[in-house]
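**Q** So I've got this file, entry.txt, and it contains compact mmCIF, C-alpha atoms:
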# COMPACT_ATOMS: atom_id res chain seq x y z
CA MET A 1463 37.71 123.11 40.29
CA SER A 1464 38.53 126.79 40.73
CA LYS A 1465 39.53 128.23 44.08
CA ALA A 1466 36.38 130.25 44.13
CA SER A 1467 34.23 127.11 44.19
CA GLY A 1468 31.52 127.21 46.77
CA GLN A 1469 31.30 130.97 46.55
CA ILE A 1470 29.99 131.01 43.02
CA PRO A 1471 26.41 132.24 42.90
CA ARG A 1472 23.76 129.71 41.93
CA GLU A 1473 22.76 131.89 38.95
CA THR A 1474 26.31 131.82 37.63
CA ILE A 1475 26.47 128.02 37.94
CA ASP A 1476 23.20 127.85 36.08
CA ARG A 1477 24.53 130.03 33.27
CA LEU A 1478 27.83 128.15 33.09
CA PHE A 1479 25.83 125.11 31.99
CA SER A 1480 24.21 127.07 29.22
CA TYR A 1481 27.58 128.36 27.96
CA MET A 1482 28.76 124.79 27.36
CA ARG A 1483 26.66 124.09 24.27
CA PRO A 1484 27.72 127.13 22.21
CA LEU A 1485 31.34 126.49 23.21
CA LEU A 1486 31.12 122.84 22.11
CA CYS A 1487 29.65 124.01 18.80
CA MET A 1488 32.59 126.37 18.40
CA VAL A 1489 35.05 123.53 18.99
CA ALA A 1490 33.19 121.46 16.40
CA ASP A 1491 33.45 124.39 13.98
CA GLY A 1492 37.18 124.74 14.62
CA THR A 1493 36.94 128.10 16.41
CA ALA A 1494 39.99 128.59 18.65
CA THR A 1495 39.18 131.83 20.47
CA VAL A 1496 36.03 133.76 21.19
CA SER A 1497 35.46 137.28 22.47
CA SER A 1498 33.19 137.85 25.44
CA ARG A 1499 30.92 139.95 23.23
CA GLU A 1500 30.59 137.18 20.66
CA LEU A 1501 29.99 134.46 23.22
CA ALA A 1502 27.51 136.62 25.13
CA GLU A 1503 25.54 137.25 21.97
CA THR A 1504 25.40 133.54 21.09
CA CYS A 1505 24.31 132.71 24.63
CA GLY A 1506 21.78 135.51 24.81
CA VAL A 1507 23.26 137.13 27.92
CA ASN A 1508 24.70 140.54 28.68
CA PRO A 1509 28.48 140.67 27.97
CA ALA A 1510 29.13 142.13 31.43
CA VAL A 1511 27.24 139.25 33.05
CA LEU A 1512 29.22 136.75 31.00
CA ARG A 1513 32.56 138.35 31.90
CA LYS A 1514 31.63 138.35 35.58
CA ASP A 1515 30.54 134.68 35.37
CA LEU A 1516 33.79 133.64 33.69
CA SER A 1517 35.87 135.62 36.19
CA TYR A 1518 34.91 133.02 38.84
CA LEU A 1519 36.84 130.44 36.84
CA GLY A 1520 40.15 132.20 37.44
CA LYS A 1521 42.38 133.97 34.96
CA LEU A 1522 41.29 133.10 31.45
CA GLY A 1523 41.61 134.91 28.16
CA LYS A 1524 43.51 138.01 27.10
CA ARG A 1525 42.18 141.48 26.54
CA GLY A 1526 41.82 142.05 22.81
CA VAL A 1527 42.39 138.38 22.01
CA GLY A 1528 39.47 136.68 23.68
CA TYR A 1529 39.02 133.42 25.49
CA PRO A 1530 40.65 130.22 24.24
CA VAL A 1531 37.61 128.00 23.61
CA GLY A 1532 39.27 124.76 24.69
CA GLU A 1533 40.55 126.18 27.98
CA LEU A 1534 37.22 127.77 28.67
CA ILE A 1535 35.42 124.45 28.24
CA ALA A 1536 37.93 122.70 30.49
CA ALA A 1537 37.54 125.36 33.17
CA ILE A 1538 33.74 125.23 33.08
CA ARG A 1539 33.77 121.42 33.11
CA GLY A 1540 36.06 121.52 36.13
CA GLU A 1541 33.78 123.91 37.95
CA LEU A 1542 30.72 121.83 37.09
CA ARG A 1543 32.53 118.64 38.13
CA LEU A 1544 32.27 117.23 34.63
CA ASP A 1545 35.97 117.04 33.90
CA CYS A 1546 35.93 113.25 33.75
CA ALA A 1547 33.59 111.55 31.28
CA VAL A 1548 30.44 110.43 33.07
CA ALA A 1549 29.57 106.76 32.51
CA VAL A 1550 25.93 106.18 31.62
CA ALA A 1551 23.59 103.18 31.52
CA LEU A 1552 20.95 103.14 28.79
CA VAL A 1553 17.77 101.16 29.34
CA GLY A 1554 15.61 100.37 26.31
CA VAL A 1555 17.12 99.85 22.85
CA GLY A 1556 14.15 100.97 20.75
CA ASN A 1557 14.32 103.70 18.13
CA ILE A 1558 15.48 106.40 20.52
CA GLY A 1559 17.91 104.15 22.41
CA ARG A 1560 19.37 103.11 19.06
CA ALA A 1561 19.73 106.72 17.96
CA LEU A 1562 21.68 107.54 21.12
CA LEU A 1563 23.94 104.49 20.82
CA GLU A 1564 24.70 105.18 17.18
CA GLN A 1565 25.78 108.78 17.50
CA PRO A 1566 29.22 109.55 18.89
CA ARG A 1567 28.20 113.01 20.04
CA LEU A 1568 27.49 112.19 23.67
CA GLU A 1569 31.10 111.12 24.16
CA PHE A 1570 32.37 114.44 22.81
CA GLU A 1571 30.01 116.12 25.26
CA GLY A 1572 31.40 114.32 28.30
CA PHE A 1573 29.17 111.25 28.59
CA ARG A 1574 29.87 107.65 27.69
CA ILE A 1575 27.21 104.96 27.46
CA VAL A 1576 28.98 101.98 29.01
CA ALA A 1577 26.05 99.58 29.22
CA ALA A 1578 22.78 99.19 27.31
CA PHE A 1579 19.89 96.95 28.35
CA ASP A 1580 16.79 95.53 26.74
CA ASN A 1581 14.40 92.67 27.47
CA ASP A 1582 14.01 91.55 23.84
CA PRO A 1583 15.91 88.28 23.23
CA LYS A 1584 16.40 89.33 19.61
CA LYS A 1585 18.28 92.43 20.70
CA ILE A 1586 20.27 90.98 23.61
CA GLY A 1587 23.80 90.16 22.50
CA THR A 1588 23.67 92.33 19.37
CA THR A 1589 25.99 95.30 19.00
CA VAL A 1590 24.47 98.75 18.46
CA GLY A 1591 26.98 101.48 17.73
CA GLN A 1592 29.85 100.13 19.80
CA THR A 1593 27.80 98.75 22.67
CA VAL A 1594 26.65 95.17 23.19
CA VAL A 1595 23.03 95.04 24.32
CA GLU A 1596 22.69 93.19 27.64
CA ASP A 1597 19.78 91.41 29.27
CA VAL A 1598 17.85 93.79 31.49
CA GLU A 1599 17.88 91.03 34.10
CA ASP A 1600 21.55 91.83 34.61
CA LEU A 1601 20.84 95.52 35.19
CA GLU A 1602 21.35 95.63 38.96
CA ALA A 1603 24.56 93.61 38.94
CA ARG A 1604 26.13 95.68 36.16
CA ILE A 1605 25.20 99.05 37.61
CA SER A 1606 26.60 98.02 40.93
CA SER A 1607 29.83 96.59 39.51
CA GLU A 1608 30.40 99.68 37.31
CA GLY A 1609 29.36 102.04 40.09
CA LEU A 1610 27.11 103.96 37.70
CA GLU A 1611 25.19 107.00 38.88
CA LEU A 1612 23.40 108.15 35.69
CA ALA A 1613 20.91 106.35 33.46
CA ILE A 1614 18.97 107.24 30.31
CA LEU A 1615 15.54 105.65 30.23
CA THR A 1616 14.22 105.02 26.72
CA VAL A 1617 11.64 102.34 27.47
CA HIS A 1618 7.95 102.52 26.69
CA GLU A 1619 5.86 104.71 28.99
CA ALA A 1620 4.15 101.70 30.55
CA ALA A 1621 7.48 100.22 31.65
CA ALA A 1622 9.10 103.46 32.75
CA THR A 1623 7.93 103.60 36.36
CA ASP A 1624 9.05 100.09 37.24
CA MET A 1625 12.34 100.51 35.48
CA ALA A 1626 13.03 103.86 37.17
CA ARG A 1627 12.46 102.23 40.57
CA ARG A 1628 14.79 99.39 39.68
CA LEU A 1629 17.44 101.88 38.63
CA GLY A 1630 17.03 103.79 41.87
CA ASN A 1631 17.28 100.62 43.93
CA ALA A 1632 20.38 99.61 42.00
CA GLY A 1633 22.16 102.80 43.04
CA ILE A 1634 21.44 105.16 40.15
CA THR A 1635 20.98 108.71 41.44
CA SER A 1636 20.19 110.57 38.21
CA ILE A 1637 17.75 109.52 35.50
CA VAL A 1638 16.78 111.21 32.25
CA SER A 1639 13.59 109.70 30.88
CA PHE A 1640 12.21 109.98 27.36
CA ALA A 1641 8.90 108.63 28.65
CA PRO A 1642 7.04 111.74 29.69
CA CYS A 1643 5.11 110.63 32.74
CA ARG A 1644 5.96 112.00 36.12
CA LEU A 1645 7.41 109.25 38.22
CA VAL A 1646 7.45 109.53 41.97
CA MET A 1647 10.97 108.65 43.02
CA PRO A 1648 12.70 108.30 46.37
CA GLY A 1649 14.15 111.62 47.50
CA ASP A 1650 17.74 110.88 46.63
CA VAL A 1651 17.02 109.94 43.02
CA LYS A 1652 16.73 112.89 40.67
CA MET A 1653 14.82 112.50 37.45
CA THR A 1654 14.19 114.72 34.47
CA CYS A 1655 11.74 113.85 31.73
CA LEU A 1656 12.33 115.22 28.25
CA ASP A 1657 8.78 116.21 27.56
CA LEU A 1658 8.40 116.99 23.86
CA SER A 1659 4.72 117.91 24.10
CA LEU A 1660 5.36 120.33 26.92
CA VAL A 1661 8.19 121.99 25.00
CA MET A 1662 5.98 122.27 21.91
CA ALA A 1663 3.05 123.62 23.90
CA ARG A 1664 5.20 126.36 25.44
CA LEU A 1665 6.71 127.25 22.06
CA VAL A 1666 3.40 127.50 20.26
CA TYR A 1667 1.85 129.53 23.05
CA SER A 1668 4.75 131.92 23.11
CA SER A 1669 4.85 132.17 19.34
CA ARG A 1670 1.13 132.89 19.07
CA LEU A 1671 1.51 135.51 21.78
CA GLY A 1672 4.20 137.10 19.66
CA GLY A 1673 6.31 138.00 22.65
CA SER A 1674 9.68 136.83 23.83
CA ASN A 1675 9.82 133.51 25.56
CA PRO A 1676 11.42 133.67 28.97
CA THR A 1677 10.55 130.04 29.70
CA LEU A 1678 13.04 128.63 27.24
CA HIS A 1679 16.31 129.36 28.91
CA ARG A 1680 16.52 126.38 31.19
CA ASN A 1681 16.76 122.76 30.14
CA GLY A 1682 15.57 123.16 26.60
CA GLU A 1683 17.95 125.93 25.73
CA SER A 1684 16.58 128.07 22.96
CA GLY A 1685 18.61 129.50 20.14
CA MET B 743 -10.43 130.93 26.93
CA SER B 744 -11.49 132.09 30.38
CA LYS B 745 -12.77 135.61 30.97
CA ALA B 746 -9.73 136.32 33.07
CA SER B 747 -7.39 135.82 30.12
CA GLY B 748 -4.86 138.56 29.73
CA GLN B 749 -4.86 139.22 33.45
CA ILE B 750 -3.34 135.88 34.36
CA PRO B 751 0.15 136.30 35.79
CA ARG B 752 3.01 134.97 33.70
CA GLU B 753 4.03 132.63 36.57
CA THR B 754 0.56 131.09 36.58
CA ILE B 755 0.66 130.52 32.82
CA ASP B 756 4.04 128.90 33.27
CA ARG B 757 2.70 126.56 35.96
CA LEU B 758 -0.45 125.73 33.98
CA PHE B 759 1.82 124.13 31.37
CA SER B 760 3.43 121.98 34.02
CA TYR B 761 0.06 120.82 35.38
CA MET B 762 -0.83 119.34 31.98
CA ARG B 763 1.50 116.35 32.12
CA PRO B 764 0.32 114.95 35.48
CA LEU B 765 -3.28 115.53 34.42
CA LEU B 766 -2.77 113.66 31.15
CA CYS B 767 -1.19 110.81 33.13
CA MET B 768 -4.27 110.75 35.35
CA VAL B 769 -6.54 110.49 32.31
CA ALA B 770 -4.40 107.65 30.99
CA ASP B 771 -4.73 105.95 34.39
CA GLY B 772 -8.52 106.37 34.39
CA THR B 773 -8.58 108.89 37.25
CA ALA B 774 -11.80 110.94 37.05
CA THR B 775 -11.30 113.50 39.81
CA VAL B 776 -8.33 114.85 41.71
CA SER B 777 -8.09 116.93 44.87
CA SER B 778 -6.02 120.09 44.86
CA ARG B 779 -3.80 118.58 47.55
CA GLU B 780 -3.13 115.49 45.44
CA LEU B 781 -2.49 117.42 42.24
CA ALA B 782 -0.28 119.92 44.05
CA GLU B 783 1.82 117.13 45.49
CA THR B 784 2.27 115.46 42.09
CA CYS B 785 3.22 118.77 40.54
CA GLY B 786 5.54 119.76 43.36
CA VAL B 787 3.77 123.04 44.14
CA ASN B 788 2.07 124.46 47.19
CA PRO B 789 -1.67 123.54 47.29
CA ALA B 790 -2.61 127.17 47.87
CA VAL B 791 -0.62 128.23 44.81
CA LEU B 792 -2.31 125.54 42.74
CA ARG B 793 -5.79 126.53 43.91
CA LYS B 794 -5.07 130.17 43.12
CA ASP B 795 -3.72 129.22 39.66
CA LEU B 796 -6.79 127.15 38.84
CA SER B 797 -9.13 129.85 40.09
CA TYR B 798 -8.14 131.92 37.02
CA LEU B 799 -9.79 129.27 34.85
CA GLY B 800 -13.25 130.00 36.24
CA LYS B 801 -15.43 127.84 38.43
CA LEU B 802 -14.10 124.31 38.42
CA GLY B 803 -14.37 121.50 40.92
CA LYS B 804 -16.39 121.03 44.08
CA ARG B 805 -15.28 121.37 47.68
CA GLY B 806 -14.72 117.89 49.08
CA VAL B 807 -15.01 116.23 45.68
CA GLY B 808 -12.09 117.71 43.79
CA TYR B 809 -11.53 118.75 40.23
CA PRO B 810 -12.86 116.71 37.31
CA VAL B 811 -9.66 115.81 35.46
CA GLY B 812 -11.14 116.01 31.97
CA GLU B 813 -12.70 119.44 32.52
CA LEU B 814 -9.53 120.71 34.10
CA ILE B 815 -7.49 119.67 31.07
CA ALA B 816 -9.99 121.28 28.71
CA ALA B 817 -9.94 124.51 30.70
CA ILE B 818 -6.14 124.65 30.81
CA ARG B 819 -5.91 123.84 27.10
CA GLY B 820 -8.36 126.63 26.38
CA GLU B 821 -6.36 129.09 28.41
CA LEU B 822 -3.11 128.02 26.75
CA ARG B 823 -4.74 128.17 23.29
CA LEU B 824 -4.19 124.48 22.75
CA ASP B 825 -7.83 123.47 22.53
CA CYS B 826 -7.51 122.47 18.89
CA ALA B 827 -4.92 119.85 17.93
CA VAL B 828 -1.82 121.57 16.61
CA ALA B 829 -0.65 120.27 13.21
CA VAL B 830 3.07 119.54 13.07
CA ALA B 831 5.61 118.93 10.30
CA LEU B 832 8.40 116.46 11.04
CA VAL B 833 11.67 116.77 9.18
CA GLY B 834 14.06 113.80 9.22
CA VAL B 835 12.78 110.23 9.42
CA GLY B 836 15.77 108.66 11.17
CA ASN B 837 15.56 106.72 14.42
CA ILE B 838 14.09 109.56 16.42
CA GLY B 839 11.71 110.70 13.67
CA ARG B 840 10.52 107.12 13.34
CA ALA B 841 9.97 106.84 17.09
CA LEU B 842 7.80 109.96 17.03
CA LEU B 843 5.79 108.81 14.01
CA GLU B 844 5.19 105.36 15.47
CA GLN B 845 3.85 106.41 18.85
CA PRO B 846 0.29 107.68 19.07
CA ARG B 847 0.98 109.66 22.24
CA LEU B 848 1.54 113.05 20.63
CA GLU B 849 -2.00 113.02 19.29
CA PHE B 850 -3.41 112.39 22.75
CA GLU B 851 -1.34 115.30 23.95
CA GLY B 852 -2.76 117.75 21.43
CA PHE B 853 -0.35 117.49 18.51
CA ARG B 854 -0.75 115.77 15.17
CA ILE B 855 2.11 115.12 12.76
CA VAL B 856 0.47 115.84 9.41
CA ALA B 857 3.54 115.71 7.20
CA ALA B 858 6.94 114.00 7.43
CA PHE B 859 9.91 114.71 5.18
CA ASP B 860 13.19 113.05 4.36
CA ASN B 861 15.74 113.28 1.53
CA ASP B 862 16.41 109.53 1.32
CA PRO B 863 14.78 108.06 -1.83
CA LYS B 864 14.42 104.73 0.02
CA LYS B 865 12.26 106.39 2.66
CA ILE B 866 10.22 108.73 0.45
CA GLY B 867 6.82 107.22 -0.28
CA THR B 868 6.98 104.69 2.56
CA THR B 869 4.48 104.83 5.41
CA VAL B 870 5.78 105.18 8.97
CA GLY B 871 3.12 104.91 11.64
CA GLN B 872 0.27 106.42 9.68
CA THR B 873 2.23 109.02 7.81
CA VAL B 874 3.59 108.83 4.27
CA VAL B 875 7.14 110.14 4.08
CA GLU B 876 7.43 112.96 1.55
CA ASP B 877 10.35 114.35 -0.39
CA VAL B 878 12.00 117.20 1.51
CA GLU B 879 12.02 119.11 -1.78
CA ASP B 880 8.27 119.53 -1.32
CA LEU B 881 8.68 120.98 2.18
CA GLU B 882 7.96 124.62 1.39
CA ALA B 883 4.91 123.91 -0.75
CA ARG B 884 3.35 121.57 1.81
CA ILE B 885 3.97 123.82 4.80
CA SER B 886 2.45 126.70 2.97
CA SER B 887 -0.60 124.78 1.72
CA GLU B 888 -1.25 123.28 5.18
CA GLY B 889 -0.53 126.59 6.92
CA LEU B 890 1.71 124.85 9.43
CA GLU B 891 3.34 126.82 12.24
CA LEU B 892 5.21 124.12 14.18
CA ALA B 893 7.96 121.72 13.10
CA ILE B 894 9.99 119.00 14.77
CA LEU B 895 13.53 118.82 13.45
CA THR B 896 15.09 115.36 13.71
CA VAL B 897 17.80 115.67 11.10
CA HIS B 898 21.52 115.24 11.67
CA GLU B 899 23.31 118.10 13.37
CA ALA B 900 25.14 119.07 10.18
CA ALA B 901 21.86 119.55 8.31
CA ALA B 902 19.96 121.24 11.12
CA THR B 903 20.93 124.86 10.50
CA ASP B 904 20.02 124.84 6.82
CA MET B 905 16.81 123.00 7.44
CA ALA B 906 15.77 125.34 10.25
CA ARG B 907 16.27 128.32 7.94
CA ARG B 908 14.19 126.64 5.23
CA LEU B 909 11.43 125.99 7.75
CA GLY B 910 11.53 129.61 8.89
CA ASN B 911 11.39 130.88 5.32
CA ALA B 912 8.47 128.55 4.60
CA GLY B 913 6.41 130.14 7.37
CA ILE B 914 7.13 127.91 10.36
CA THR B 915 7.27 130.01 13.53
CA SER B 916 8.10 127.34 16.15
CA ILE B 917 10.76 124.64 15.88
CA VAL B 918 11.78 121.94 18.32
CA SER B 919 15.15 120.50 17.36
CA PHE B 920 16.70 117.25 18.52
CA ALA B 921 20.02 118.42 17.10
CA PRO B 922 21.59 120.27 19.97
CA CYS B 923 23.47 123.13 18.31
CA ARG B 924 22.32 126.64 18.81
CA LEU B 925 20.92 127.96 15.60
CA VAL B 926 20.66 131.66 15.00
CA MET B 927 17.17 132.23 13.70
CA PRO B 928 15.28 135.28 12.51
CA GLY B 929 13.54 137.02 15.39
CA ASP B 930 10.05 135.76 14.65
CA VAL B 931 11.03 132.08 14.60
CA LYS B 932 11.24 130.49 18.04
CA MET B 933 13.34 127.42 18.49
CA THR B 934 14.00 125.07 21.38
CA CYS B 935 16.66 122.38 21.30
CA LEU B 936 16.15 119.28 23.39
CA ASP B 937 19.66 119.10 24.75
CA LEU B 938 20.20 115.71 26.38
CA SER B 939 23.77 116.41 27.42
CA LEU B 940 22.81 119.65 29.11
CA VAL B 941 19.99 117.96 30.98
CA MET B 942 22.34 115.17 32.10
CA ALA B 943 25.05 117.64 33.11
CA ARG B 944 22.65 119.58 35.30
CA LEU B 945 21.26 116.40 36.84
CA VAL B 946 24.63 114.94 37.69
CA TYR B 947 25.88 118.22 39.13
CA SER B 948 22.81 118.61 41.27
CA SER B 949 22.90 115.00 42.35
CA ARG B 950 26.59 115.16 43.33
CA LEU B 951 25.89 118.33 45.23
CA GLY B 952 23.20 116.43 47.10
CA GLY B 953 20.87 119.39 47.21
CA SER B 954 17.52 120.02 45.65
CA ASN B 955 17.47 120.91 41.99
CA PRO B 956 15.69 124.14 41.26
CA THR B 957 16.76 124.10 37.61
CA LEU B 958 14.49 121.25 36.68
CA HIS B 959 11.10 122.80 36.80
CA ARG B 960 11.02 124.34 33.35
CA ASN B 961 11.09 122.45 30.09
CA GLY B 962 12.46 119.20 31.37
CA GLU B 963 9.93 118.80 34.11
CA SER B 964 11.25 116.71 36.94
CA GLY B 965 9.25 114.16 38.84
Let's see the structure in the file written out as structure tokens.

**A**
Amino acid sequence: MSKASGQIPRETIDRLFSYMRPLLCMVADGTATVSSRELAETCGVNPAVLRKDLSYLGKLGKRGVGYPVGELIAAIRGELRLDCAVAVALVGVGNIGRALLEQPRLEFEGFRIVAAFDNDPKKIGTTVGQTVVEDVEDLEARISSEGLELAILTVHEAAATDMARRLGNAGITSIVSFAPCRLVMPGDVKMTCLDLSLVMARLVYSSRLGGSNPTLHRNGESG
Amino acid sequence: MSKASGQIPRETIDRLFSYMRPLLCMVADGTATVSSRELAETCGVNPAVLRKDLSYLGKLGKRGVGYPVGELIAAIRGELRLDCAVAVALVGVGNIGRALLEQPRLEFEGFRIVAAFDNDPKKIGTTVGQTVVEDVEDLEARISSEGLELAILTVHEAAATDMARRLGNAGITSIVSFAPCRLVMPGDVKMTCLDLSLVMARLVYSSRLGGSNPTLHRNGESG
């Protein structure tokens, strides 16, 4: 974490998150250094804003050479407290759960699914990607023994509310749900639903309007 | 569309989108009417703000009785130009594509996948959900003949950029991508990436901070 931590404006923190994706893409493409102008353009921010944001991370980059992409990612991860891989529980090994278990990308991005649960006897005990599917009855014990804080919920909508409560009771503090319904959670459990219909509705509206779309620069980062 | 259209503040439009999900959940639960207090609480907004927002839609609801959920949804859909089901093309029938084709929810939410494409000869011609998978070579012709404007991209990251460009050239103006990379698109094509890692990173940061999470009230609506 940089020395400046705690004094960094909320808006800067918010933008640091959105710089991560383009930087990870650059790593994947083999790009070693990036200029502030280039990165600003990819991220859709003013170069001066970007330079100011990155200045909070300490001394990085050289004038005329640019920022070393790897160091920049490490510095941002440190600031955002994501410098150690975050262990994740996945609940529901349907099509979407399977897709997440089978792609190695999450690991590269700082997350590691360490346990996957389902209630289907045919799935329990099978290996998907590199993870053995466990009985959802063992959920609480495993979450507690692993000390997990983050879960991905990929169960059917009808099961989502119950499962989210169980996760909260088991000690999970952050949940991302692919089931779109709003779930009322205890105050210390934070949940985000990836709401495809809502994203599509906003896109279509904005597109039909023909204007720019200022609503797309938060969770569903637009390109 | 209400008479007030065009004069509705941007912030109200933005919130109208976020009222849709709780209202759809209420319909699914069989709830016929909802009070402004109740709806405001579910949506996490001030009741006065909600009442003001809904007042732009014309005369709806009765004092002491509440808003009729069905009418409210119809009025919001009208305002947001989503009163007719939006036809969607889906590109990539992998795990996620399959999940979307097999669940009837999107239809209920105002979207209908009318064409699905893949390049795998084993998949082409098969029916998933109720949709016959077509050869991706026919993409341009089909999009043009159906006059489609919206596409869901569920191909592998490596194929996403090319495919997004093809969609744009074929006349698609809105794309939601499950591949997380930023894609540089022509100005008139709007794209949103559902970025799971980014959502998780924000959640974990906010949760570790222990504070409220003001970043979660856009695309990835929090509950």

**Q** So, counting all atoms listed in the file, which residue among B:Leu842, B:Ala817, B:Val856, B:Leu792 is closest to chain A?

**A**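 For chain A, the nearest of the candidates is B:Leu842.
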
**Q** I want to know what sits within 9 Å of Val1594 in chain A, based on all atoms listed in the file, with residues of the same chain fewer than 5 positions away left out; could you give that as a list in words?

**A**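 Skipping anything fewer than 5 positions along the chain leaves Ala1577, Ala1578, Phe1579, Ile1586, Gly1587, Thr1588 and Thr1589 of chain A.
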
**Q** At a cut-off of 10 Å around the point (15.3, 105.2, 29.9) (file coordinates), what residues fall inside when counting only C-alpha atoms? I'd like the answer as a short mmCIF file (atom, residue, chain, number, x, y, z; two decimals) with C-alpha atoms, keeping the file's coordinate frame.

**A**
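Generated file (part.cif):
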data_model
loop_
_atom_site.label_atom_id
_atom_site.label_comp_id
_atom_site.auth_asym_id
_atom_site.auth_seq_id
_atom_site.Cartn_x
_atom_site.Cartn_y
_atom_site.Cartn_z
CA ALA A 1551 23.59 103.18 31.52
CA LEU A 1552 20.95 103.14 28.79
CA VAL A 1553 17.77 101.16 29.34
CA GLY A 1554 15.61 100.37 26.31
CA VAL A 1555 17.12 99.85 22.85
CA ILE A 1558 15.48 106.40 20.52
CA GLY A 1559 17.91 104.15 22.41
CA ALA A 1578 22.78 99.19 27.31
CA PHE A 1579 19.89 96.95 28.35
CA ALA A 1613 20.91 106.35 33.46
CA ILE A 1614 18.97 107.24 30.31
CA LEU A 1615 15.54 105.65 30.23
CA THR A 1616 14.22 105.02 26.72
CA VAL A 1617 11.64 102.34 27.47
CA HIS A 1618 7.95 102.52 26.69
CA GLU A 1619 5.86 104.71 28.99
CA ALA A 1621 7.48 100.22 31.65
CA ALA A 1622 9.10 103.46 32.75
CA THR A 1623 7.93 103.60 36.36
CA MET A 1625 12.34 100.51 35.48
CA ALA A 1626 13.03 103.86 37.17
CA LEU A 1629 17.44 101.88 38.63
CA ILE A 1637 17.75 109.52 35.50
CA VAL A 1638 16.78 111.21 32.25
CA SER A 1639 13.59 109.70 30.88
CA PHE A 1640 12.21 109.98 27.36
CA ALA A 1641 8.90 108.63 28.65
CA CYS A 1655 11.74 113.85 31.73
#

**Q** To one decimal place in Å, what is the distance between CA of Leu945 in chain B and CA of Ile1575 in chain A?

**A**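 Between CA of Leu945 in chain B and CA of Ile1575 in chain A the gap is 15.9 Å.
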
**Q** Would you compute the distance between CA of Ala827 in chain B and CA of Thr754 in chain B? Give it in Å to one decimal.

**A** 22.5 Å

**Q** Got a sec: who's within 9 Å of Leu1516 in chain A, counting all atoms listed in the file, leaving out chain neighbours fewer than 3 positions off, as number ranges by chain?

**A** A: 1474, 1478, 1511-1513, 1519-1522, 1534, 1538

**Q** Name the closest residue to Cys826 in chain B among the candidates A:Leu1486, A:Leu1501, A:Ala1663, A:Ile1605; distances are taken between atoms, counting only C-alpha atoms.

**A**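 Of A:Leu1486, A:Leu1501, A:Ala1663, A:Ile1605, the one nearest Cys826 in chain B is A:Ala1663, counting only C-alpha atoms.
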